[in-house]
Amino acid sequence: MRPRFIAAFAILLPLSAAPEIVCALGNGAAGYKPAEDQRPSPDAMQLAGRLNAAVKSICGQNCPTMALFRNATAPNAMLINDSGQAKIVYSPQFLSAAYDRFGDVGIVAIMAHVLGHALDGTLGASWIKNSWTAELRADAWAGCILAKTDTGAGGLEPALGALQSYPSPAHAGWNQRLPVVRAGYLGCAGEPAKFDKAARTPAVKN
Ligand SMILES: [Zn+2]
């Protein structure tokens, strides 16, 4: 009867996996100190609520749940998978700089990209191409989320401007990303004319 004892050990060993950085926009992911995670600011919570409403209309009960944290040691924004629990961490310096350049819609677009990685791991969609990298798939989900977001009078320009301005080090160039964001936007019933108008007048400001 002895072998059963050994089998029990084999199951217990692999349980402690290190947290995995799924996406990091901007540089400095190596300097991130998880112990300095703090509650998000009320402004960030308000934008997350807007994003949440859009995401719920896409995945309903199947939406992944995740926590949101503010952390001054984080790169611009990141998605971390910690033993199956996902969290989004943003840098407050980054949030304020991006807000000044692109406003609410820019921040929503950045969070939509980060969240897009989590959706990519949970949902499938006919408009996702297998040849796309993980970063491009997250861009496509960001396009999908933007199609479900009220972007207001400023349209989609600030959303595209923010996505273009804050890539991850692993990202392809914007000329490859833009058609992918568009595919996700149209895949989730966004208006082609609205997207194409924004794509012609990029809102990149310095
Ligand atoms: Zn990403």
# chains A, B, ... in the order shown; residues from 1 in each chain; ligands from 1
>>> residues_near_ligand(ligand="ligand 1", cutoff="7 Å", atoms="only C-alpha atoms and all ligand atoms", output="list of chain:residue names")
A:Cys23, A:Ala24, A:Leu25, A:His113, A:Val114, A:His117, A:Glu135, A:Ala138, A:Ser168
>>> write_last_selection(atoms="N, CA and C atoms", output="CSV table (one decimal), in the first residue's frame")
chain,number,residue,atom,x,y,z
A,23,CYS,N,0.9,41.8,-18.8
A,23,CYS,CA,1.1,43.0,-19.6
A,23,CYS,C,1.7,44.1,-18.8
A,24,ALA,N,2.6,44.8,-19.3
A,24,ALA,CA,3.1,46.0,-18.7
A,24,ALA,C,3.3,47.1,-19.7
A,25,LEU,N,2.5,48.2,-19.6
A,25,LEU,CA,2.6,49.3,-20.6
A,25,LEU,C,3.6,50.2,-20.0
A,113,HIS,N,-7.3,48.1,-22.8
A,113,HIS,CA,-6.2,47.2,-23.3
A,113,HIS,C,-5.7,46.2,-22.3
A,114,VAL,N,-5.5,46.7,-21.1
A,114,VAL,CA,-5.0,45.9,-20.0
A,114,VAL,C,-6.0,44.8,-19.7
A,117,HIS,N,-6.3,41.7,-22.0
A,117,HIS,CA,-5.5,40.5,-21.8
A,117,HIS,C,-6.3,39.5,-21.0
A,135,GLU,N,-0.3,40.9,-27.4
A,135,GLU,CA,-0.5,42.3,-27.3
A,135,GLU,C,-1.6,42.8,-28.3
A,138,ALA,N,-5.0,41.8,-27.2
A,138,ALA,CA,-5.5,42.7,-26.2
A,138,ALA,C,-6.0,44.0,-26.8
A,168,SER,N,3.3,48.8,-24.9
A,168,SER,CA,4.3,48.0,-24.0
A,168,SER,C,5.5,47.7,-24.8
>>> select_by_dssp(residues="stretch 119-177 of chain A", states="helix (DSSP H, G or I)", output="VMD selection string")
chain A and resid 119 to 122 134 to 147 157 to 165 174 to 177
>>> atom_distance(atom1="atom CA of A:Cys59", atom2="atom CA of A:Ile80")
20.3 Å
>>> residues_around(residues="A:Val89", least_positions_apart="4", cutoff="6 Å", atoms="only C-alpha atoms", output="PDB file with N, CA and C atoms, in the first residue's frame")
ATOM      1  N   LEU A  68      -8.236  46.342  -8.570  1.00  0.00           N
ATOM      2  CA  LEU A  68      -7.547  47.511  -9.125  1.00  0.00           C
ATOM      3  C   LEU A  68      -6.727  48.162  -8.013  1.00  0.00           C
ATOM      4  N   PHE A  69      -5.453  48.431  -8.316  1.00  0.00           N
ATOM      5  CA  PHE A  69      -4.573  49.059  -7.332  1.00  0.00           C
ATOM      6  C   PHE A  69      -3.808  50.217  -7.950  1.00  0.00           C
ATOM      7  N   ARG A  70      -3.443  51.149  -7.094  1.00  0.00           N
ATOM      8  CA  ARG A  70      -2.565  52.276  -7.445  1.00  0.00           C
ATOM      9  C   ARG A  70      -1.219  51.982  -6.806  1.00  0.00           C
ATOM     10  N   ALA A  77       0.847  50.991 -16.577  1.00  0.00           N
ATOM     11  CA  ALA A  77      -0.290  50.172 -16.162  1.00  0.00           C
ATOM     12  C   ALA A  77       0.081  48.721 -16.430  1.00  0.00           C
ATOM     13  N   MET A  78      -0.397  47.819 -15.579  1.00  0.00           N
ATOM     14  CA  MET A  78      -0.046  46.421 -15.780  1.00  0.00           C
ATOM     15  C   MET A  78      -1.161  45.488 -15.351  1.00  0.00           C
TER      16      MET A  78
END
>>> residues_around(residues="stretch 41-52 of chain A", least_positions_apart="2", cutoff="12 Å", atoms="only C-alpha atoms", output="number ranges by chain")
A: 37-39, 54-60, 63-71, 88-92, 94-96, 99, 103-116, 142, 144-151
>>> residues_around(residues="A:Pro19", least_positions_apart="2", cutoff="10 Å", atoms="only C-alpha atoms", output="ChimeraX atom specification")
/A:16-17,21-22,34,80-86
>>> write_last_selection(atoms="N, CA and C atoms", output="mmCIF file, in the first residue's frame")
data_model
loop_
_atom_site.group_PDB
_atom_site.id
_atom_site.type_symbol
_atom_site.label_atom_id
_atom_site.label_comp_id
_atom_site.auth_asym_id
_atom_site.auth_seq_id
_atom_site.Cartn_x
_atom_site.Cartn_y
_atom_site.Cartn_z
ATOM 1 N N SER A 16 2.535 26.576 -5.504
ATOM 2 C CA SER A 16 2.955 27.958 -5.274
ATOM 3 C C SER A 16 3.642 28.556 -6.502
ATOM 4 N N ALA A 17 2.856 29.093 -7.431
ATOM 5 C CA ALA A 17 3.415 29.729 -8.637
ATOM 6 C C ALA A 17 3.678 31.202 -8.353
ATOM 7 N N ILE A 21 3.506 38.691 -14.659
ATOM 8 C CA ILE A 21 3.133 39.951 -15.298
ATOM 9 C C ILE A 21 2.640 39.624 -16.698
ATOM 10 N N VAL A 22 1.346 39.772 -16.926
ATOM 11 C CA VAL A 22 0.749 39.432 -18.217
ATOM 12 C C VAL A 22 0.992 40.557 -19.218
ATOM 13 N N PRO A 34 5.164 45.012 -5.115
ATOM 14 C CA PRO A 34 3.769 44.672 -4.793
ATOM 15 C C PRO A 34 3.348 45.143 -3.396
ATOM 16 N N ILE A 80 -1.530 41.668 -13.724
ATOM 17 C CA ILE A 80 -0.773 40.621 -13.051
ATOM 18 C C ILE A 80 -1.709 39.469 -12.726
ATOM 19 N N ASN A 81 -1.232 38.266 -12.985
ATOM 20 C CA ASN A 81 -1.984 37.074 -12.617
ATOM 21 C C ASN A 81 -1.280 36.434 -11.427
ATOM 22 N N ASP A 82 -1.923 36.506 -10.269
ATOM 23 C CA ASP A 82 -1.322 35.979 -9.040
ATOM 24 C C ASP A 82 -2.113 34.756 -8.609
ATOM 25 N N SER A 83 -1.594 33.585 -8.943
ATOM 26 C CA SER A 83 -2.256 32.306 -8.621
ATOM 27 C C SER A 83 -3.729 32.302 -9.020
ATOM 28 N N GLY A 84 -4.016 32.746 -10.253
ATOM 29 C CA GLY A 84 -5.387 32.704 -10.754
ATOM 30 C C GLY A 84 -6.196 33.935 -10.420
ATOM 31 N N GLN A 85 -5.703 34.811 -9.545
ATOM 32 C CA GLN A 85 -6.410 36.067 -9.227
ATOM 33 C C GLN A 85 -5.761 37.204 -10.016
ATOM 34 N N ALA A 86 -6.526 37.861 -10.872
ATOM 35 C CA ALA A 86 -5.968 38.922 -11.707
ATOM 36 C C ALA A 86 -6.090 40.266 -11.014
#
>>> select_by_dssp(residues="stretch 38-181 of chain A", states="strand (DSSP E or B)", output="VMD selection string")
chain A and resid 38 66 to 70 77 to 82 85 to 90
>>> write_last_selection(atoms="N, CA and C atoms", output="compact mmCIF listing (two decimals), in the first residue's frame")
# COMPACT_ATOMS: atom_id res chain seq x y z
N GLN A 38 -1.79 50.19 -3.29
CA GLN A 38 -2.74 50.95 -2.46
C GLN A 38 -4.10 50.97 -3.14
N MET A 66 -11.46 41.16 -11.24
CA MET A 66 -10.10 41.53 -10.89
C MET A 66 -10.08 42.74 -9.98
N ALA A 67 -8.99 42.88 -9.27
CA ALA A 67 -8.83 44.00 -8.34
C ALA A 67 -8.07 45.11 -9.03
N LEU A 68 -8.24 46.34 -8.57
CA LEU A 68 -7.55 47.51 -9.13
C LEU A 68 -6.73 48.16 -8.01
N PHE A 69 -5.45 48.43 -8.32
CA PHE A 69 -4.57 49.06 -7.33
C PHE A 69 -3.81 50.22 -7.95
N ARG A 70 -3.44 51.15 -7.09
CA ARG A 70 -2.57 52.28 -7.45
C ARG A 70 -1.22 51.98 -6.81
N ALA A 77 0.85 50.99 -16.58
CA ALA A 77 -0.29 50.17 -16.16
C ALA A 77 0.08 48.72 -16.43
N MET A 78 -0.40 47.82 -15.58
CA MET A 78 -0.05 46.42 -15.78
C MET A 78 -1.16 45.49 -15.35
N LEU A 79 -1.13 44.29 -15.92
CA LEU A 79 -2.04 43.22 -15.50
C LEU A 79 -1.19 42.09 -14.94
N ILE A 80 -1.53 41.67 -13.72
CA ILE A 80 -0.77 40.62 -13.05
C ILE A 80 -1.71 39.47 -12.73
N ASN A 81 -1.23 38.27 -12.98
CA ASN A 81 -1.98 37.07 -12.62
C ASN A 81 -1.28 36.43 -11.43
N ASP A 82 -1.92 36.51 -10.27
CA ASP A 82 -1.32 35.98 -9.04
C ASP A 82 -2.11 34.76 -8.61
N GLN A 85 -5.70 34.81 -9.55
CA GLN A 85 -6.41 36.07 -9.23
C GLN A 85 -5.76 37.20 -10.02
N ALA A 86 -6.53 37.86 -10.87
CA ALA A 86 -5.97 38.92 -11.71
C ALA A 86 -6.09 40.27 -11.01
N LYS A 87 -5.07 41.10 -11.19
CA LYS A 87 -5.17 42.48 -10.70
C LYS A 87 -4.57 43.44 -11.72
N ILE A 88 -5.19 44.64 -11.78
CA ILE A 88 -4.67 45.73 -12.60
C ILE A 88 -4.00 46.70 -11.64
N VAL A 89 -2.77 47.11 -11.97
CA VAL A 89 -2.05 48.08 -11.15
C VAL A 89 -1.68 49.26 -12.05
N TYR A 90 -1.96 50.48 -11.59
CA TYR A 90 -1.58 51.64 -12.39
C TYR A 90 -0.69 52.56 -11.58
>>> closest_residue(among="A:Gly26, A:Asp139, A:Leu123, A:Ala198", to="A:Gly161", atoms="only C-alpha atoms")
A:Ala198
>>> residues_around(residues="stretch 189-197 of chain A", least_positions_apart="4", cutoff="7 Å", atoms="only C-alpha atoms", output="PyMOL selection string")
chain A and resi 147+156+185+201
>>> atom_distance(atom1="atom CA of A:Trp141", atom2="atom CA of A:Gly184")
5.7 Å
>>> atom_distance(atom1="atom CA of A:Thr133", atom2="atom CA of A:Arg177")
10.5 Å
>>> closest_residue(among="A:Cys188, A:Val180, A:Ala35, A:Ala97", to="A:Thr73", atoms="only C-alpha atoms")
A:Ala35
